[in-house]
file structure.csv (CSV, C-alpha atoms)
chain,number,residue,atom,x,y,z
A,1,MET,CA,27.9,-10.5,124.6
A,2,SER,CA,31.3,-8.8,123.9
A,3,THR,CA,31.5,-6.5,120.8
A,4,ARG,CA,35.3,-6.3,121.0
A,5,PRO,CA,36.6,-7.2,117.5
A,6,GLN,CA,38.5,-10.4,117.0
A,7,LEU,CA,42.2,-9.6,116.7
A,8,LEU,CA,44.7,-11.3,114.5
A,9,THR,CA,48.2,-12.2,115.9
A,10,THR,CA,51.0,-11.4,113.5
A,11,PRO,CA,54.4,-13.0,114.2
A,12,LEU,CA,57.0,-10.4,115.2
A,13,THR,CA,59.8,-10.6,112.6
A,14,GLU,CA,62.8,-8.5,111.6
A,15,ASP,CA,61.2,-7.2,108.4
A,16,LEU,CA,58.7,-5.2,110.5
A,17,LEU,CA,61.5,-3.4,112.3
A,18,ARG,CA,63.5,-0.3,111.3
A,19,GLY,CA,66.4,1.3,113.0
A,20,ALA,CA,67.8,-1.8,114.7
A,21,LEU,CA,71.1,-3.4,113.6
A,22,ASP,CA,70.4,-6.8,115.2
A,23,VAL,CA,67.5,-8.6,116.8
A,24,GLU,CA,67.9,-11.1,119.7
A,25,ARG,CA,65.4,-13.9,120.3
A,26,THR,CA,64.7,-14.1,124.0
A,27,GLU,CA,62.4,-16.3,126.0
A,28,HIS,CA,59.7,-13.6,125.7
A,29,GLY,CA,60.1,-12.5,122.1
A,30,LEU,CA,62.3,-10.1,120.2
A,31,LEU,CA,64.9,-7.7,121.7
A,32,PRO,CA,66.1,-5.0,119.3
A,33,HIS,CA,69.8,-4.1,119.5
A,34,ARG,CA,71.5,-1.0,118.1
A,35,LEU,CA,74.9,-2.7,118.0
A,36,PRO,CA,75.5,-6.0,116.1
A,37,ALA,CA,76.4,-9.2,118.0
A,38,HIS,CA,80.1,-9.0,117.1
A,39,ALA,CA,80.3,-5.5,118.6
A,40,ARG,CA,78.4,-6.5,121.7
A,41,ALA,CA,80.8,-9.4,122.1
A,42,ARG,CA,83.7,-6.9,122.3
A,43,ASN,CA,82.0,-4.8,125.0
A,44,THR,CA,82.6,-5.2,128.7
A,45,ASP,CA,80.8,-2.0,129.9
A,46,GLY,CA,77.4,-2.3,131.5
A,47,GLN,CA,76.5,1.3,130.6
A,48,LEU,CA,77.0,0.7,126.9
A,49,ALA,CA,75.2,-2.7,127.1
A,50,MET,CA,72.2,-0.9,128.6
A,51,ALA,CA,72.3,2.0,126.2
A,52,GLU,CA,72.5,0.0,123.0
A,53,SER,CA,69.5,-2.2,124.1
A,54,GLN,CA,67.4,0.9,124.5
A,55,PRO,CA,65.7,1.3,121.2
A,56,SER,CA,66.2,5.0,120.3
A,57,GLY,CA,65.0,5.4,116.7
A,58,VAL,CA,63.8,1.8,116.5
A,59,ARG,CA,60.2,1.4,115.3
A,60,LEU,CA,57.7,-1.2,114.1
A,61,VAL,CA,56.6,-0.3,110.6
A,62,MET,CA,53.7,-2.0,108.9
A,63,ARG,CA,51.1,-1.5,106.1
A,64,THR,CA,47.6,-2.3,107.2
A,65,ARG,CA,43.9,-1.4,107.2
A,66,ALA,CA,43.7,-2.1,111.0
A,67,THR,CA,41.7,0.2,113.2
A,68,VAL,CA,43.0,-1.4,116.4
A,69,VAL,CA,46.7,-2.3,117.3
A,70,GLU,CA,47.8,-4.0,120.4
A,71,LEU,CA,51.5,-4.7,121.3
A,72,ASP,CA,52.6,-6.8,124.3
A,73,THR,CA,56.0,-5.7,125.5
A,74,LEU,CA,58.4,-6.4,128.4
A,75,PRO,CA,60.1,-3.1,129.3
A,76,THR,CA,63.0,-2.6,131.6
A,77,LYS,CA,62.6,0.5,133.7
A,78,ARG,CA,65.4,2.3,135.4
A,79,VAL,CA,65.5,3.6,138.9
A,80,TYR,CA,68.4,5.7,140.2
A,81,ARG,CA,68.8,5.2,143.9
A,82,GLY,CA,68.3,8.5,145.7
A,83,ALA,CA,67.1,10.3,142.5
A,84,PRO,CA,63.5,11.2,141.6
A,85,PRO,CA,61.4,8.5,139.9
A,86,ARG,CA,61.8,8.4,136.1
A,87,PRO,CA,58.6,8.5,134.0
A,88,ASP,CA,57.5,5.4,132.1
A,89,GLY,CA,58.9,5.1,128.5
A,90,VAL,CA,56.7,6.6,125.8
A,91,TYR,CA,55.6,4.9,122.5
A,92,ASP,CA,54.6,7.1,119.6
A,93,LEU,CA,52.2,6.0,116.9
A,94,LEU,CA,52.6,7.6,113.4
A,95,VAL,CA,50.0,7.1,110.7
A,96,ASP,CA,51.3,8.0,107.3
A,97,GLY,CA,54.1,10.0,109.0
A,98,ARG,CA,51.9,12.0,111.3
A,99,LEU,CA,51.6,11.6,115.1
A,100,ALA,CA,48.3,9.8,115.9
A,101,GLY,CA,48.8,8.5,119.4
A,102,ARG,CA,51.1,8.4,122.4
A,103,ALA,CA,51.0,5.9,125.3
A,104,SER,CA,53.1,4.1,127.9
A,105,VAL,CA,53.3,0.5,129.2
A,106,THR,CA,53.2,-0.2,132.9
A,107,GLY,CA,54.8,-3.2,134.6
A,108,GLY,CA,58.1,-4.7,133.3
A,109,ASN,CA,61.4,-5.3,134.9
A,110,THR,CA,63.1,-2.8,137.2
A,111,LEU,CA,66.8,-2.0,137.0
A,112,THR,CA,67.9,-0.2,140.1
A,113,ILE,CA,71.2,1.7,139.7
A,114,ASP,CA,73.3,3.1,142.6
A,115,MET,CA,75.3,5.9,141.0
A,116,ALA,CA,77.5,6.2,144.1
A,117,THR,CA,78.7,2.6,144.0
A,118,GLY,CA,78.1,1.7,140.4
A,119,SER,CA,76.1,-1.3,141.4
A,120,ALA,CA,72.9,-2.4,139.6
A,121,GLU,CA,70.1,-4.9,140.4
A,122,VAL,CA,67.3,-6.2,138.2
A,123,ARG,CA,63.9,-7.2,139.6
A,124,PRO,CA,61.7,-9.1,137.1
A,125,GLY,CA,58.2,-7.9,136.4
A,126,PRO,CA,55.1,-8.6,134.3
A,127,LEU,CA,54.4,-7.9,130.6
A,128,GLY,CA,52.5,-4.8,129.6
A,129,THR,CA,50.1,-4.1,126.7
A,130,LEU,CA,50.1,-1.0,124.5
A,131,ARG,CA,46.8,-0.4,122.7
A,132,PHE,CA,45.8,2.1,120.0
A,133,SER,CA,42.3,2.2,118.6
A,134,GLY,CA,39.9,4.3,116.5
A,135,LEU,CA,42.3,4.4,113.5
A,136,SER,CA,40.9,5.0,110.0
A,137,ASP,CA,40.0,1.7,108.2
A,138,GLY,CA,41.8,2.6,104.9
A,139,PRO,CA,45.2,1.3,103.9
A,140,LYS,CA,48.0,3.2,105.7
A,141,ASP,CA,51.5,3.0,107.0
A,142,LEU,CA,51.7,2.6,110.7
A,143,GLU,CA,54.9,3.2,112.7
A,144,ILE,CA,55.2,2.4,116.4
A,145,TRP,CA,58.3,4.2,117.7
A,146,LEU,CA,59.6,2.3,120.8
A,147,PRO,CA,60.7,4.2,123.9
A,148,HIS,CA,64.1,5.7,123.2
A,149,ASN,CA,65.3,5.3,126.9
A,150,GLU,CA,63.7,2.0,127.9
A,151,THR,CA,64.9,-1.4,126.9
A,152,THR,CA,61.9,-3.1,125.3
A,153,GLU,CA,61.3,-6.7,124.4
A,154,LEU,CA,58.6,-7.2,121.8
A,155,VAL,CA,56.3,-10.1,122.8
A,156,ALA,CA,53.1,-10.1,120.6
A,157,LEU,CA,51.4,-8.0,117.9
A,158,ARG,CA,47.7,-8.1,117.4
A,159,THR,CA,45.5,-6.1,115.0
A,160,ASP,CA,41.9,-6.3,113.6
A,161,ALA,CA,43.2,-6.5,110.0
A,162,PRO,CA,46.2,-8.2,108.4
A,163,VAL,CA,49.6,-6.4,108.3
A,164,GLU,CA,52.5,-6.6,106.0
A,165,PRO,CA,56.0,-5.0,105.8
A,166,VAL,CA,56.2,-1.5,104.2
A,167,PRO,CA,58.1,-1.5,100.9
A,168,ASP,CA,61.2,0.6,100.5
A,169,ARG,CA,60.0,4.2,99.9
A,170,GLY,CA,63.4,5.2,98.5
A,171,ARG,CA,64.3,7.6,101.3
A,172,PRO,CA,68.0,8.1,102.0
A,173,VAL,CA,69.3,6.4,105.1
A,174,TRP,CA,71.0,8.6,107.7
A,175,LEU,CA,73.3,6.8,110.1
A,176,HIS,CA,74.2,8.9,113.2
A,177,HIS,CA,76.4,8.2,116.2
A,178,GLY,CA,76.6,10.2,119.3
A,179,SER,CA,76.2,10.4,123.1
A,180,SER,CA,73.2,10.5,125.4
A,181,ILE,CA,72.2,13.8,123.7
A,182,SER,CA,71.8,12.0,120.4
A,183,HIS,CA,70.3,9.0,122.2
A,184,GLY,CA,67.5,11.3,123.4
A,185,SER,CA,68.4,12.2,127.0
A,186,ASP,CA,65.4,14.1,128.3
A,187,ALA,CA,63.3,14.4,125.1
A,188,ALA,CA,59.6,14.0,125.6
A,189,SER,CA,59.2,11.0,123.3
A,190,PRO,CA,61.0,8.8,120.7
A,191,THR,CA,59.9,11.0,117.8
A,192,THR,CA,61.0,14.2,119.5
A,193,THR,CA,64.6,13.3,120.1
A,194,TRP,CA,66.7,15.8,118.1
A,195,PRO,CA,67.8,13.1,115.5
A,196,ALA,CA,64.2,11.9,115.0
A,197,LEU,CA,63.0,15.5,114.5
A,198,ALA,CA,65.8,16.2,112.0
A,199,ALA,CA,65.1,13.0,110.1
A,200,ALA,CA,61.4,13.8,109.9
A,201,HIS,CA,62.0,17.3,108.7
A,202,SER,CA,64.5,16.1,106.1
A,203,GLY,CA,62.8,13.0,104.7
A,204,VAL,CA,65.5,10.5,105.7
A,205,GLU,CA,65.4,7.1,107.3
A,206,LEU,CA,67.1,7.3,110.7
A,207,VAL,CA,69.5,4.8,112.1
A,208,ASN,CA,70.4,6.2,115.5
A,209,LEU,CA,73.6,4.9,117.2
A,210,GLY,CA,73.5,7.5,119.9
A,211,PHE,CA,74.5,5.7,123.1
A,212,GLY,CA,74.1,7.3,126.5
A,213,GLY,CA,77.5,7.7,128.2
A,214,SER,CA,79.2,5.7,125.5
A,215,ALA,CA,80.3,7.8,122.5
A,216,LEU,CA,83.9,6.9,123.4
A,217,LEU,CA,85.5,6.2,119.9
A,218,ASP,CA,85.2,2.4,120.5
A,219,PRO,CA,86.7,0.5,117.6
A,220,PHE,CA,83.7,-1.9,117.5
A,221,THR,CA,81.3,1.0,117.2
A,222,ALA,CA,83.4,2.3,114.2
A,223,ARG,CA,83.1,-1.2,112.6
A,224,ALA,CA,79.3,-1.1,113.1
A,225,LEU,CA,79.2,2.2,111.3
A,226,ARG,CA,81.5,0.9,108.6
A,227,ASP,CA,79.3,-2.2,108.0
A,228,THR,CA,75.8,-0.5,108.1
A,229,PRO,CA,74.4,0.6,104.7
A,230,ALA,CA,73.9,4.4,104.7
A,231,ASP,CA,73.6,7.4,102.3
A,232,ARG,CA,74.5,10.0,104.9
A,233,ILE,CA,76.6,9.6,108.0
A,234,SER,CA,77.2,11.9,111.0
A,235,VAL,CA,79.4,11.4,114.1
A,236,LYS,CA,79.0,13.6,117.1
A,237,VAL,CA,81.8,13.1,119.7
A,238,GLY,CA,83.3,14.9,122.7
A,239,ILE,CA,81.1,15.1,125.8
A,240,ASN,CA,81.5,11.5,126.9
A,241,LEU,CA,85.3,11.6,126.5
A,242,VAL,CA,85.3,14.5,128.9
A,243,ASN,CA,82.7,13.4,131.4
A,244,THR,CA,84.2,10.0,131.8
A,245,ASP,CA,87.8,11.3,131.7
A,246,ALA,CA,88.5,8.5,129.3
A,247,MET,CA,91.6,9.7,127.5
A,248,ARG,CA,94.1,12.5,127.0
A,249,LEU,CA,94.8,14.6,123.9
A,250,ARG,CA,97.7,12.3,122.9
A,251,ALA,CA,95.3,9.4,122.6
A,252,PHE,CA,92.3,11.4,121.3
A,253,THR,CA,93.8,12.6,118.1
A,254,PRO,CA,94.8,9.1,116.7
A,255,ALA,CA,91.6,7.6,118.0
A,256,VAL,CA,89.5,10.1,116.0
A,257,HIS,CA,91.6,9.4,112.9
A,258,GLY,CA,91.3,5.6,113.4
A,259,PHE,CA,87.5,5.9,114.0
A,260,LEU,CA,87.1,7.9,110.7
A,261,ASP,CA,89.5,5.6,108.8
A,262,THR,CA,87.3,2.6,109.8
A,263,ILE,CA,84.1,4.2,108.7
A,264,ARG,CA,85.7,5.1,105.4
A,265,GLU,CA,86.6,1.5,104.8
A,266,GLY,CA,82.9,0.8,104.2
A,267,HIS,CA,81.8,4.2,103.1
A,268,PRO,CA,84.7,5.7,101.1
A,269,THR,CA,82.7,8.6,99.5
A,270,THR,CA,79.5,8.8,101.5
A,271,PRO,CA,79.0,12.4,102.9
A,272,LEU,CA,80.3,12.2,106.5
A,273,LEU,CA,79.8,15.0,109.0
A,274,VAL,CA,81.9,15.3,112.2
A,275,VAL,CA,80.0,17.3,114.8
A,276,SER,CA,81.7,18.7,117.9
A,277,PRO,CA,80.0,19.1,121.3
A,278,ILE,CA,77.2,21.5,122.0
A,279,LEU,CA,77.9,24.0,124.7
A,280,CYS,CA,78.1,22.5,128.2
A,281,PRO,CA,79.3,25.2,130.6
A,282,ILE,CA,80.6,22.9,133.3
A,283,HIS,CA,83.1,21.3,130.9
A,284,GLU,CA,84.0,24.1,128.5
A,285,LYS,CA,87.2,24.8,130.4
A,286,THR,CA,87.1,22.2,133.1
A,287,PRO,CA,88.1,18.6,132.5
A,288,GLY,CA,86.1,15.6,133.7
A,289,PRO,CA,85.0,13.4,135.2
A,290,SER,CA,81.5,14.5,135.8
A,291,ALA,CA,80.1,13.7,139.2
A,292,PRO,CA,76.6,13.7,140.6
A,293,ASP,CA,76.0,16.8,142.7
A,294,ARG,CA,75.4,15.2,146.2
A,295,SER,CA,73.7,18.3,147.6
A,296,ALA,CA,71.2,18.2,144.7
A,297,LEU,CA,70.6,14.4,145.3
A,298,GLY,CA,69.8,15.2,148.9
A,299,GLU,CA,67.1,17.5,147.6
A,300,GLY,CA,65.7,14.8,145.3
A,301,LYS,CA,67.3,16.4,142.2
A,302,LEU,CA,69.7,15.0,139.7
A,303,LYS,CA,72.5,17.4,138.7
A,304,PHE,CA,76.1,17.0,137.7
A,305,SER,CA,79.3,19.0,138.3
A,306,ALA,CA,82.8,18.9,136.8
A,307,ALA,CA,85.3,17.2,139.1
A,308,GLY,CA,88.5,17.9,137.2
A,309,ASP,CA,91.0,20.7,137.5
A,310,PRO,CA,91.4,23.3,134.7
A,311,ALA,CA,95.1,23.4,135.3
A,312,GLU,CA,95.3,19.7,134.2
A,313,THR,CA,94.6,20.7,130.5
A,314,ALA,CA,98.3,21.6,130.3
A,315,ALA,CA,99.0,17.9,130.8
A,316,GLY,CA,96.6,16.9,128.1
A,317,LYS,CA,93.3,16.4,129.9
A,318,LEU,CA,90.4,17.1,127.6
A,319,THR,CA,87.8,19.8,127.9
A,320,LEU,CA,85.1,20.6,125.3
A,321,SER,CA,87.1,23.6,124.1
A,322,VAL,CA,90.1,21.5,123.5
A,323,ILE,CA,88.1,18.8,121.7
A,324,ARG,CA,86.3,21.4,119.4
A,325,ASP,CA,89.6,22.9,118.3
A,326,GLU,CA,91.2,19.5,117.6
A,327,LEU,CA,88.2,18.1,115.7
A,328,ALA,CA,88.2,21.2,113.5
A,329,ARG,CA,91.9,20.7,112.9
A,330,ILE,CA,91.6,17.0,112.1
A,331,VAL,CA,88.7,17.5,109.6
A,332,GLU,CA,90.6,20.4,107.9
A,333,GLN,CA,93.7,18.2,107.6
A,334,ARG,CA,91.7,15.2,106.2
A,335,THR,CA,89.6,17.1,103.7
A,336,ALA,CA,92.6,17.5,101.3
A,337,GLU,CA,92.2,13.8,100.5
A,338,ASP,CA,88.5,13.4,101.5
A,339,PRO,CA,86.3,16.1,100.0
A,340,ASN,CA,83.1,14.4,101.3
A,341,LEU,CA,84.2,14.9,104.9
A,342,HIS,CA,82.7,17.9,106.7
A,343,HIS,CA,82.7,19.6,110.1
A,344,LEU,CA,80.0,21.3,112.2
A,345,ASP,CA,80.7,23.2,115.4
A,346,GLY,CA,78.2,21.9,117.9
A,347,ARG,CA,77.7,25.4,119.3
A,348,GLU,CA,75.8,26.2,116.1
A,349,LEU,CA,73.2,23.8,117.4
A,350,TYR,CA,73.2,25.0,121.0
A,351,GLY,CA,75.5,27.9,122.1
A,352,GLU,CA,75.8,30.6,124.7
A,353,ALA,CA,72.6,32.4,123.9
A,354,ASP,CA,70.7,29.1,124.0
A,355,SER,CA,72.3,28.2,127.3
A,356,ALA,CA,71.1,31.5,128.8
A,357,GLU,CA,67.5,30.9,127.5
A,358,LEU,CA,67.3,27.1,127.9
A,359,PRO,CA,69.9,26.0,130.4
A,360,LEU,CA,70.7,22.3,130.7
A,361,PRO,CA,68.5,21.2,133.6
A,362,ASP,CA,71.0,18.7,135.1
A,363,ALA,CA,74.1,20.6,133.7
A,364,LEU,CA,74.7,17.9,131.0
A,365,HIS,CA,71.5,17.0,129.1
A,366,PRO,CA,69.1,19.1,127.1
A,367,ASP,CA,65.4,19.1,127.8
A,368,ALA,CA,62.5,18.6,125.4
A,369,ALA,CA,62.4,22.2,124.2
A,370,THR,CA,66.2,22.1,123.5
A,371,HIS,CA,65.9,18.8,121.6
A,372,ARG,CA,63.3,20.6,119.3
A,373,ARG,CA,65.7,23.5,118.8
A,374,ILE,CA,68.7,21.3,118.0
A,375,GLY,CA,66.7,19.1,115.7
A,376,ALA,CA,65.5,22.0,113.7
A,377,ARG,CA,68.9,23.6,113.4
A,378,PHE,CA,70.6,20.4,112.5
A,379,ALA,CA,68.1,19.8,109.7
A,380,LYS,CA,68.7,23.2,108.3
A,381,LEU,CA,72.5,23.2,108.6
A,382,ALA,CA,73.1,19.6,107.5
A,383,PHE,CA,70.3,18.5,105.3
A,384,ASP,CA,68.9,21.6,103.6
A,385,ALA,CA,70.2,22.8,100.2
A,386,GLY,CA,73.9,23.5,100.5
A,387,GLY,CA,74.4,21.5,103.6
A,388,PRO,CA,77.0,18.8,103.9
A,389,LEU,CA,74.3,16.0,104.0
A,390,ALA,CA,71.9,17.8,101.6
A,391,VAL,CA,68.9,15.9,100.4
A,392,ALA,CA,67.6,16.6,96.9
A,393,GLY,CA,64.5,18.7,97.0
A,394,ARG,CA,65.1,20.2,100.4
call {"tool": "encode", "arguments": {"input": "structure.csv", "output": "structure tokens"}}
result
Amino acid sequence: MSTRPQLLTTPLTEDLLRGALDVERTEHGLLPHRLPAHARARNTDGQLAMAESQPSGVRLVMRTRATVVELDTLPTKRVYRGAPPRPDGVYDLLVDGRLAGRASVTGGNTLTIDMATGSAEVRPGPLGTLRFSGLSDGPKDLEIWLPHNETTELVALRTDAPVEPVPDRGRPVWLHHGSSISHGSDAASPTTTWPALAAAHSGVELVNLGFGGSALLDPFTARALRDTPADRISVKVGINLVNTDAMRLRAFTPAVHGFLDTIREGHPTTPLLVVSPILCPIHEKTPGPSAPDRSALGEGKLKFSAAGDPAETAAGKLTLSVIRDELARIVEQRTAEDPNLHHLDGRELYGEADSAELPLPDALHPDAATHRRIGARFAKLAFDAGGPLAVAGR
């Protein structure tokens, strides 16, 4: 006779989710989105569509006495043709704010991407089940942080005790936008991306609009930031504009002003921090685009190089050095009429000494140790006493 406890099924509803701006009902269940429907309707780029559906910072949050939690999901796993296999996405379980478990889900759909041609192919796969057991039987807040880099449809939630939404704890909401580095790049897990670490240290509720390859000053992203309730806002831009070679300096400056103007329509006095790029040696003085290093691919490694010509900066092509100088100038100009606007040089988060100690493994993205360093530094510089996003009591 089985001694496995009878589990209750709780409908998956939006009030159990944090960190998503929208939820789509699919044939399988719920698909969290980090851009609202009106923004997705304006987008034509497959990279952004993939990135915003990857639930970085999105978590299921519930109050319960449950000792067992099961979650059926349908992940979409990425495979880059010619590159090493990617590890399965990681789910982190927090109990009353402390890490209590970490696991992955097998199965799921497979998205195969050919970086040489830009083509992509999806192969459907089966559901998987995540299970955490042996939890204490007292009342507690549970958070299941979804994989930051793996599109995840939520199918079914089962527990051995009833669950209910967690009431508002009164924590300030931090709304952040950035590139793949903010998205999580090569962090070890969803609670160890640098924004998640900074949020945990500082006692704020994270809404992470970091989109891999897609921090490109899109107007629909600015409107999403404008329309999302927030107590603190930060915007980290630069690297994607260089590595996609998306615009020149003439277009960059008014695009930044327009992006900030749009945010200010919805948040006229909210503390707003503009963060310039962290150090990235290949693009400090050399414009984009970035290109996969074919010799590294031949060895089964993924690495990038800068394909631009430094001489082209005279014609307005962007490098990280150019962007940092211009962002500092723009913020200084605007602060005369916007005292709640602030600037942070990204090299204070990761600079030359850090690059020597912890080089970017693929020449673009920080590894797990570097995420921890950036998260700790951002928390100190932005959220601690005297910082531009300071939280009372820090």
call {"tool": "residues_around", "arguments": {"input": "structure.csv", "residues": "range 361-365 of chain A", "least_positions_apart": "5", "cutoff": "7 Å", "atoms": "only C-alpha atoms", "output": "list in words"}}
result
Ile181, Ser185, Asp186, Cys280, Ile282, Leu302, Lys303 and Phe304 of chain A
call {"tool": "closest_residue", "arguments": {"input": "structure.csv", "among": "A:Pro229, A:Gly138, A:Gly57, A:Pro310", "to": "Pro172 in chain A", "atoms": "all atoms listed in the file"}}
result
A:Pro229
call {"tool": "closest_residue", "arguments": {"input": "structure.csv", "among": "A:His38, A:His201, A:Arg372, A:Arg347", "to": "Gly97 in chain A", "atoms": "all atoms listed in the file"}}
result
A:His201
call {"tool": "atom_distance", "arguments": {"input": "structure.csv", "atom1": "CA of Ser56 in chain A", "atom2": "CA of Val331 in chain A"}}
result
27.9 Å
call {"tool": "closest_residue", "arguments": {"input": "structure.csv", "among": "A:Ser53, A:Thr9, A:Thr253, A:Ser202", "to": "Val23 in chain A", "atoms": "all atoms listed in the file"}}
result
A:Ser53
call {"tool": "residues_around", "arguments": {"input": "structure.csv", "residues": "Glu70 in chain A", "least_positions_apart": "2", "cutoff": "10 Å", "atoms": "all atoms listed in the file", "output": "PyMOL selection string"}}
result
chain A and resi 7-9+68+72-73+129-133+156-160
call {"tool": "atom_distance", "arguments": {"input": "structure.csv", "atom1": "CA of Leu31 in chain A", "atom2": "CA of Glu153 in chain A"}}
result
4.6 Å
call {"tool": "residues_around", "arguments": {"input": "structure.csv", "residues": "Leu16 in chain A", "least_positions_apart": "4", "cutoff": "9 Å", "atoms": "all atoms listed in the file", "output": "ChimeraX atom specification"}}
result
/A:12,59-62,164-166
call {"tool": "closest_residue", "arguments": {"input": "structure.csv", "among": "A:Ala49, A:Leu318, A:Leu127, A:Leu99", "to": "Ala200 in chain A", "atoms": "only C-alpha atoms"}}
result
A:Leu99
call {"tool": "atom_distance", "arguments": {"input": "structure.csv", "atom1": "CA of His342 in chain A", "atom2": "CA of Ala187 in chain A"}}
result
27.0 Å
call {"tool": "closest_residue", "arguments": {"input": "structure.csv", "among": "A:Arg334, A:Arg329, A:Arg232, A:Arg169", "to": "Thr269 in chain A", "atoms": "all atoms listed in the file"}}
result
A:Arg232
call {"tool": "residues_around", "arguments": {"input": "structure.csv", "residues": "Ala314 in chain A", "least_positions_apart": "6", "cutoff": "12 Å", "atoms": "only C-alpha atoms", "output": "ChimeraX atom specification"}}
result
/A:248-250,285-287,322
call {"tool": "residues_around", "arguments": {"input": "structure.csv", "residues": "Pro388 in chain A", "least_positions_apart": "4", "cutoff": "7 Å", "atoms": "all atoms listed in the file", "output": "MDAnalysis selection string"}}
result
chainID A and resid 271 273 342 382:383
